[in-house]
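With mmCIF, C-alpha atoms inside, this is my_file37.cif:
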```
data_structure
#
loop_
_atom_site.label_atom_id
_atom_site.label_comp_id
_atom_site.auth_asym_id
_atom_site.auth_seq_id
_atom_site.Cartn_x
_atom_site.Cartn_y
_atom_site.Cartn_z
CA MET A 1 40.14 -152.82 165.34
CA ILE A 2 37.13 -152.03 163.17
CA LYS A 3 37.44 -148.26 163.60
CA SER A 4 41.11 -148.33 162.67
CA ARG A 5 40.34 -150.27 159.48
CA ILE A 6 37.57 -147.88 158.51
CA ALA A 7 39.88 -144.94 159.19
CA GLU A 8 42.47 -146.50 156.83
CA ILE A 9 40.14 -146.38 153.85
CA VAL A 10 41.07 -143.58 151.51
CA PHE A 11 39.44 -143.72 148.11
CA ASP A 12 41.88 -142.72 145.41
CA VAL A 13 39.43 -141.95 142.62
CA GLU A 14 42.20 -141.70 140.02
CA LYS A 15 43.47 -145.17 140.93
CA TYR A 16 39.91 -146.52 140.84
CA ILE A 17 39.39 -145.08 137.37
CA GLU A 18 42.57 -146.81 136.21
CA ILE A 19 41.25 -150.26 137.23
CA ILE A 20 40.62 -152.10 133.99
CA GLU A 21 39.94 -155.67 135.13
CA LEU A 22 37.52 -156.55 137.89
CA ASN A 23 38.44 -160.23 137.86
CA ARG A 24 41.63 -159.59 139.81
CA PHE A 25 39.66 -159.34 143.06
CA ASN A 26 39.10 -162.24 145.47
CA ASN A 27 35.32 -162.17 145.83
CA MET A 28 33.79 -160.92 142.61
CA PHE A 29 30.23 -160.77 143.95
CA PHE A 30 31.25 -158.42 146.78
CA VAL A 31 33.29 -156.30 144.40
CA VAL A 32 30.47 -156.11 141.85
CA ALA A 33 28.05 -155.10 144.63
CA ALA A 34 30.50 -152.38 145.70
CA VAL A 35 31.11 -151.24 142.13
CA GLY A 36 27.36 -151.08 141.52
CA ILE A 37 27.09 -148.63 144.41
CA ILE A 38 30.25 -146.69 143.53
CA GLU A 39 29.21 -146.29 139.89
CA GLY A 40 25.70 -145.24 140.91
CA ASN A 41 23.85 -148.19 139.34
CA ILE A 42 22.63 -149.11 142.82
CA GLN A 43 21.36 -146.78 145.52
CA VAL A 44 20.78 -147.85 149.08
CA SER A 45 18.22 -146.39 151.46
CA LYS A 46 19.14 -147.36 155.00
CA GLU A 47 16.01 -145.67 156.37
CA ASP A 48 13.69 -147.78 154.20
CA ASN A 49 15.86 -150.91 154.11
CA ARG A 50 15.64 -150.74 150.34
CA ILE A 51 17.93 -151.11 147.35
CA THR A 52 17.14 -149.29 144.11
CA LEU A 53 18.59 -150.74 140.93
CA LEU A 54 19.18 -148.51 137.91
CA ASP A 55 16.86 -145.86 139.39
CA ILE A 56 13.94 -148.11 138.41
CA TYR A 57 13.63 -151.29 140.46
CA ASN A 58 13.14 -151.30 144.22
CA VAL A 59 14.22 -154.30 146.24
CA ASN A 60 12.83 -154.51 149.76
CA CYS A 61 15.33 -155.75 152.35
CA LYS A 62 13.07 -155.52 155.40
CA ASN A 63 13.70 -159.18 156.26
CA SER A 64 17.42 -158.56 156.58
CA ASP A 65 19.51 -156.62 159.07
CA TYR A 66 22.26 -156.27 156.47
CA ILE A 67 21.40 -154.41 153.27
CA PHE A 68 24.84 -154.88 151.74
CA LEU A 69 24.73 -158.64 152.31
CA SER A 70 21.26 -158.66 150.76
CA LEU A 71 22.68 -156.84 147.73
CA TYR A 72 25.58 -159.30 147.60
CA ASN A 73 23.16 -162.25 147.64
CA LEU A 74 20.97 -160.61 144.99
CA ILE A 75 23.95 -160.15 142.67
CA LYS A 76 25.23 -163.63 143.42
CA SER A 77 21.88 -165.16 142.48
CA ASN A 78 21.14 -162.94 139.47
CA SER A 79 23.59 -163.32 136.61
CA ASP A 80 21.82 -160.65 134.51
CA LEU A 81 22.37 -158.00 137.19
CA TYR A 82 25.94 -159.18 137.76
CA ASN A 83 26.70 -159.05 134.02
CA TYR A 84 25.08 -155.62 133.65
CA ILE A 85 27.24 -154.07 136.37
CA VAL A 86 30.40 -155.68 134.95
CA LYS A 87 29.55 -154.47 131.42
CA TYR A 88 28.82 -150.96 132.70
CA PHE A 89 32.13 -150.93 134.57
CA ASN A 90 33.98 -152.19 131.49
CA LEU A 91 32.33 -149.54 129.32
CA TRP A 92 33.77 -146.77 131.49
CA HIS A 93 37.04 -148.44 132.45
CA GLY A 94 37.88 -150.48 129.36
CA ARG A 95 39.14 -147.52 127.34
CA GLU A 96 37.51 -148.99 124.24
CA PHE A 97 35.37 -145.89 123.78
CA LYS A 98 37.12 -142.59 124.36
CA GLU A 99 33.74 -140.87 124.83
CA PHE A 100 33.35 -142.54 128.22
CA THR A 101 35.49 -140.53 130.59
CA TYR A 102 35.11 -139.25 134.12
CA ASP A 103 34.99 -135.47 134.43
CA ASN A 104 35.21 -133.70 137.80
CA TYR A 105 31.47 -134.01 138.38
CA HIS A 106 31.57 -137.79 137.86
CA LYS A 107 34.71 -138.14 139.97
CA ASN A 108 32.99 -136.35 142.85
CA GLU A 109 29.97 -138.61 142.39
CA LEU A 110 32.22 -141.68 142.59
CA LYS A 111 33.77 -140.35 145.82
CA ASN A 112 30.37 -139.63 147.37
CA ASN A 113 29.03 -143.03 146.38
CA PHE A 114 32.13 -144.71 147.82
CA ASN A 115 31.69 -142.85 151.09
CA GLN A 116 28.05 -143.98 151.23
CA LEU A 117 29.19 -147.58 150.66
CA ILE A 118 31.71 -147.38 153.48
CA SER A 119 29.14 -145.74 155.76
CA LEU A 120 26.70 -148.55 155.04
CA ILE A 121 29.28 -151.25 155.72
CA TYR A 122 30.49 -149.48 158.86
CA ASP A 123 26.93 -149.21 160.24
CA GLU A 124 26.19 -152.83 159.46
CA LEU A 125 29.49 -153.92 160.97
CA LYS A 126 28.71 -151.99 164.17
CA TYR A 127 25.31 -153.71 164.26
CA ALA A 128 26.95 -157.13 163.79
CA ILE A 129 29.42 -156.41 166.59
CA LYS A 130 26.63 -155.26 168.91
CA ASN A 131 24.70 -158.47 168.19
CA LYS A 132 27.79 -160.70 168.30
CA ASP A 133 27.13 -161.89 164.77
CA TYR A 134 30.63 -163.27 164.25
CA GLU A 135 29.97 -164.72 160.81
CA THR A 136 28.88 -161.33 159.46
CA ILE A 137 31.76 -159.59 161.24
CA SER A 138 34.20 -161.95 159.52
CA ILE A 139 32.59 -161.39 156.10
CA TYR A 140 32.69 -157.60 156.41
CA GLU A 141 36.23 -157.50 157.83
CA SER A 142 37.48 -159.64 154.97
CA PHE A 143 35.72 -157.40 152.46
CA LEU A 144 37.06 -154.22 154.12
CA TYR A 145 40.56 -155.63 153.99
CA ASN A 146 40.19 -156.19 150.23
CA ILE A 147 38.75 -152.68 149.76
CA ILE A 148 41.64 -151.15 151.69
CA GLU A 149 44.18 -153.02 149.59
CA GLU A 150 42.57 -152.53 146.19
CA PHE A 151 40.86 -149.13 146.21
CA LYS A 152 43.40 -147.05 148.08
#
```

Show how you would write the structure in this file as structure tokens.
Amino acid sequence: MIKSRIAEIVFDVEKYIEIIELNRFNNMFFVVAAVGIIEGNIQVSKEDNRITLLDIYNVNCKNSDYIFLSLYNLIKSNSDLYNYIVKYFNLWHGREFKEFTYDNYHKNELKNNFNQLISLIYDELKYAIKNKDYETISIYESFLYNIIEEFK
């Protein structure tokens, strides 16, 4: 079931660029965490169990088996970070400033970042399945369902 859901995910970058309002999604904290990665505001290092914010701040996740859930909790508990990612998204997607557009380079970057996000979630979901962590499995499956529906 998990593999078939992962296989369903096709990132339509043009459709993503057309998204204007983030508040239409069910779980805003998950979506903002995903958008932070997709837009490149957040980088994840699976090898180091580390999140880098804005290419400046490193957040150690060594006490967690799930980096994405750690990121989700960080965003959920930090309104400044949440608001920054939403404002950044709105700057590029709001169409208020015509100077902010995605050229082919940025579109490819969005695709690569999205694929890294899905790879991270897939790896963490496999780990949760292996360890019979049903709560985490449920969280990730729900999130994947929303990603499949909204970003395809």

Pull out every residue that the PyMOL selection byres ((chain A and resi 126-143) around 9) matches in the shown coordinates and put them as a list of chain:residue names.
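So the PyMOL selection byres ((chain A and resi 126-143) around 9), applied here, picks out A:Ile2, A:Arg5, A:Asn27, A:Phe30, A:Val31, A:Asp65, A:Tyr66, A:Leu69, A:Ile121, A:Tyr122, A:Asp123, A:Glu124, A:Leu125, A:Leu144, A:Tyr145, A:Asn146, A:Ile147, A:Ile148.
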
Let me see the file: selected residues, C-alpha atoms, as a PDB file, keeping the file's coordinate frame.
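Result saved to part-v1.pdb:
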```pdb
ATOM      1  CA  ILE A   2      37.130-152.030 163.170  1.00  0.00           C
ATOM      2  CA  ARG A   5      40.340-150.270 159.480  1.00  0.00           C
ATOM      3  CA  ASN A  27      35.320-162.170 145.830  1.00  0.00           C
ATOM      4  CA  PHE A  30      31.250-158.420 146.780  1.00  0.00           C
ATOM      5  CA  VAL A  31      33.290-156.300 144.400  1.00  0.00           C
ATOM      6  CA  ASP A  65      19.510-156.620 159.070  1.00  0.00           C
ATOM      7  CA  TYR A  66      22.260-156.270 156.470  1.00  0.00           C
ATOM      8  CA  LEU A  69      24.730-158.640 152.310  1.00  0.00           C
ATOM      9  CA  ILE A 121      29.280-151.250 155.720  1.00  0.00           C
ATOM     10  CA  TYR A 122      30.490-149.480 158.860  1.00  0.00           C
ATOM     11  CA  ASP A 123      26.930-149.210 160.240  1.00  0.00           C
ATOM     12  CA  GLU A 124      26.190-152.830 159.460  1.00  0.00           C
ATOM     13  CA  LEU A 125      29.490-153.920 160.970  1.00  0.00           C
ATOM     14  CA  LEU A 144      37.060-154.220 154.120  1.00  0.00           C
ATOM     15  CA  TYR A 145      40.560-155.630 153.990  1.00  0.00           C
ATOM     16  CA  ASN A 146      40.190-156.190 150.230  1.00  0.00           C
ATOM     17  CA  ILE A 147      38.750-152.680 149.760  1.00  0.00           C
ATOM     18  CA  ILE A 148      41.640-151.150 151.690  1.00  0.00           C
TER      19      ILE A 148
END
```

Run the PyMOL selection byres ((chain A and resi 39) around 10) against the file shown and list the residues it catches, as a VMD selection string.
chain A and resid 34 to 38 40 to 43 85 88 to 89 92 106 to 107 109 to 111 113 to 114

Got time to write the residues from that selection, C-alpha atoms, as a compact mmCIF listing (two decimals), in the frame of the given file?
```
# COMPACT_ATOMS: atom_id res chain seq x y z
CA ALA A 34 30.50 -152.38 145.70
CA VAL A 35 31.11 -151.24 142.13
CA GLY A 36 27.36 -151.08 141.52
CA ILE A 37 27.09 -148.63 144.41
CA ILE A 38 30.25 -146.69 143.53
CA GLY A 40 25.70 -145.24 140.91
CA ASN A 41 23.85 -148.19 139.34
CA ILE A 42 22.63 -149.11 142.82
CA GLN A 43 21.36 -146.78 145.52
CA ILE A 85 27.24 -154.07 136.37
CA TYR A 88 28.82 -150.96 132.70
CA PHE A 89 32.13 -150.93 134.57
CA TRP A 92 33.77 -146.77 131.49
CA HIS A 106 31.57 -137.79 137.86
CA LYS A 107 34.71 -138.14 139.97
CA GLU A 109 29.97 -138.61 142.39
CA LEU A 110 32.22 -141.68 142.59
CA LYS A 111 33.77 -140.35 145.82
CA ASN A 113 29.03 -143.03 146.38
CA PHE A 114 32.13 -144.71 147.82
```

When the PyMOL selection byres ((chain A and resi 86) around 10) is applied to the structure above, which residues does it catch, written out as a list in words?
Glu21, Leu22, Asn23, Met28, Val31, Val32, Ala33, Val35, Gly36, Asp80, Leu81, Tyr82, Asn83, Tyr84, Ile85, Lys87, Tyr88, Phe89, Asn90 and Leu91 of chain A

Report, in Å to a single decimal, how far apart atom CA of Phe68 of chain A and atom CA of Val44 of chain A are.
8.5 Å

Atom-to-atom span, atom CA of Ile17 of chain A and atom CA of Leu117 of chain A, Å:
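Computing the Euclidean distance for atom CA of Ile17 of chain A and atom CA of Leu117 of chain A yields 16.9 Å.
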
I'd like the interatomic distance between atom CA of Asn108 of chain A and atom CA of Ile56 of chain A, to a tenth of an Å.
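Calculated distance between atom CA of Asn108 of chain A and atom CA of Ile56 of chain A is 22.8 Å.
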
Rank nothing, just name the residue among A:Ile20, A:Ile118, A:Leu71, A:Val13 nearest to Thr52 of chain A, using all atoms listed in the file.
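With all atoms listed in the file as the atom set, the closest residue is A:Leu71.
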
Add whatever atoms are absent from segment 73-90 of chain A to reach N, CA, C and O atoms, and provide the output as a PDB file, keeping the file's coordinate frame.
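Generated output (rebuild-v4.pdb):
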```pdb
ATOM      1  N   ASN A  73      23.906-161.032 147.967  1.00  0.00           N
ATOM      2  CA  ASN A  73      23.160-162.250 147.640  1.00  0.00           C
ATOM      3  C   ASN A  73      22.317-162.075 146.385  1.00  0.00           C
ATOM      4  O   ASN A  73      22.181-163.009 145.591  1.00  0.00           O
ATOM      5  N   LEU A  74      21.756-160.888 146.193  1.00  0.00           N
ATOM      6  CA  LEU A  74      20.970-160.610 144.990  1.00  0.00           C
ATOM      7  C   LEU A  74      21.859-160.706 143.752  1.00  0.00           C
ATOM      8  O   LEU A  74      21.489-161.332 142.749  1.00  0.00           O
ATOM      9  N   ILE A  75      23.020-160.115 143.806  1.00  0.00           N
ATOM     10  CA  ILE A  75      23.950-160.150 142.670  1.00  0.00           C
ATOM     11  C   ILE A  75      24.458-161.566 142.437  1.00  0.00           C
ATOM     12  O   ILE A  75      24.561-162.024 141.293  1.00  0.00           O
ATOM     13  N   LYS A  76      24.732-162.266 143.527  1.00  0.00           N
ATOM     14  CA  LYS A  76      25.230-163.630 143.420  1.00  0.00           C
ATOM     15  C   LYS A  76      24.198-164.553 142.772  1.00  0.00           C
ATOM     16  O   LYS A  76      24.555-165.468 142.035  1.00  0.00           O
ATOM     17  N   SER A  77      22.931-164.287 143.003  1.00  0.00           N
ATOM     18  CA  SER A  77      21.880-165.160 142.480  1.00  0.00           C
ATOM     19  C   SER A  77      21.266-164.658 141.171  1.00  0.00           C
ATOM     20  O   SER A  77      20.380-165.312 140.620  1.00  0.00           O
ATOM     21  N   ASN A  78      21.731-163.509 140.677  1.00  0.00           N
ATOM     22  CA  ASN A  78      21.140-162.940 139.470  1.00  0.00           C
ATOM     23  C   ASN A  78      22.239-162.605 138.465  1.00  0.00           C
ATOM     24  O   ASN A  78      22.834-161.529 138.524  1.00  0.00           O
ATOM     25  N   SER A  79      22.485-163.508 137.560  1.00  0.00           N
ATOM     26  CA  SER A  79      23.590-163.320 136.610  1.00  0.00           C
ATOM     27  C   SER A  79      23.354-162.127 135.680  1.00  0.00           C
ATOM     28  O   SER A  79      24.314-161.482 135.251  1.00  0.00           O
ATOM     29  N   ASP A  80      22.085-161.805 135.374  1.00  0.00           N
ATOM     30  CA  ASP A  80      21.820-160.650 134.510  1.00  0.00           C
ATOM     31  C   ASP A  80      22.271-159.353 135.179  1.00  0.00           C
ATOM     32  O   ASP A  80      22.894-158.497 134.536  1.00  0.00           O
ATOM     33  N   LEU A  81      21.951-159.193 136.455  1.00  0.00           N
ATOM     34  CA  LEU A  81      22.370-158.000 137.190  1.00  0.00           C
ATOM     35  C   LEU A  81      23.888-157.955 137.305  1.00  0.00           C
ATOM     36  O   LEU A  81      24.511-156.919 137.071  1.00  0.00           O
ATOM     37  N   TYR A  82      24.488-159.073 137.659  1.00  0.00           N
ATOM     38  CA  TYR A  82      25.940-159.180 137.760  1.00  0.00           C
ATOM     39  C   TYR A  82      26.590-158.754 136.430  1.00  0.00           C
ATOM     40  O   TYR A  82      27.484-157.909 136.406  1.00  0.00           O
ATOM     41  N   ASN A  83      26.122-159.344 135.340  1.00  0.00           N
ATOM     42  CA  ASN A  83      26.700-159.050 134.020  1.00  0.00           C
ATOM     43  C   ASN A  83      26.489-157.592 133.629  1.00  0.00           C
ATOM     44  O   ASN A  83      27.364-156.982 133.017  1.00  0.00           O
ATOM     45  N   TYR A  84      25.335-157.024 133.972  1.00  0.00           N
ATOM     46  CA  TYR A  84      25.080-155.620 133.650  1.00  0.00           C
ATOM     47  C   TYR A  84      26.101-154.711 134.336  1.00  0.00           C
ATOM     48  O   TYR A  84      26.673-153.821 133.699  1.00  0.00           O
ATOM     49  N   ILE A  85      26.313-154.927 135.621  1.00  0.00           N
ATOM     50  CA  ILE A  85      27.240-154.070 136.370  1.00  0.00           C
ATOM     51  C   ILE A  85      28.661-154.224 135.817  1.00  0.00           C
ATOM     52  O   ILE A  85      29.379-153.241 135.646  1.00  0.00           O
ATOM     53  N   VAL A  86      29.069-155.449 135.510  1.00  0.00           N
ATOM     54  CA  VAL A  86      30.400-155.680 134.950  1.00  0.00           C
ATOM     55  C   VAL A  86      30.525-154.998 133.586  1.00  0.00           C
ATOM     56  O   VAL A  86      31.531-154.333 133.304  1.00  0.00           O
ATOM     57  N   LYS A  87      29.506-155.117 132.741  1.00  0.00           N
ATOM     58  CA  LYS A  87      29.550-154.470 131.420  1.00  0.00           C
ATOM     59  C   LYS A  87      29.581-152.950 131.547  1.00  0.00           C
ATOM     60  O   LYS A  87      30.310-152.271 130.812  1.00  0.00           O
ATOM     61  N   TYR A  88      28.810-152.403 132.472  1.00  0.00           N
ATOM     62  CA  TYR A  88      28.820-150.960 132.700  1.00  0.00           C
ATOM     63  C   TYR A  88      30.208-150.510 133.146  1.00  0.00           C
ATOM     64  O   TYR A  88      30.747-149.524 132.642  1.00  0.00           O
ATOM     65  N   PHE A  89      30.780-151.235 134.093  1.00  0.00           N
ATOM     66  CA  PHE A  89      32.130-150.930 134.570  1.00  0.00           C
ATOM     67  C   PHE A  89      33.119-150.972 133.401  1.00  0.00           C
ATOM     68  O   PHE A  89      33.920-150.056 133.224  1.00  0.00           O
ATOM     69  N   ASN A  90      33.051-152.034 132.609  1.00  0.00           N
ATOM     70  CA  ASN A  90      33.980-152.190 131.490  1.00  0.00           C
ATOM     71  C   ASN A  90      33.803-151.091 130.445  1.00  0.00           C
ATOM     72  O   ASN A  90      34.779-150.676 129.811  1.00  0.00           O
TER      73      ASN A  90
END
```
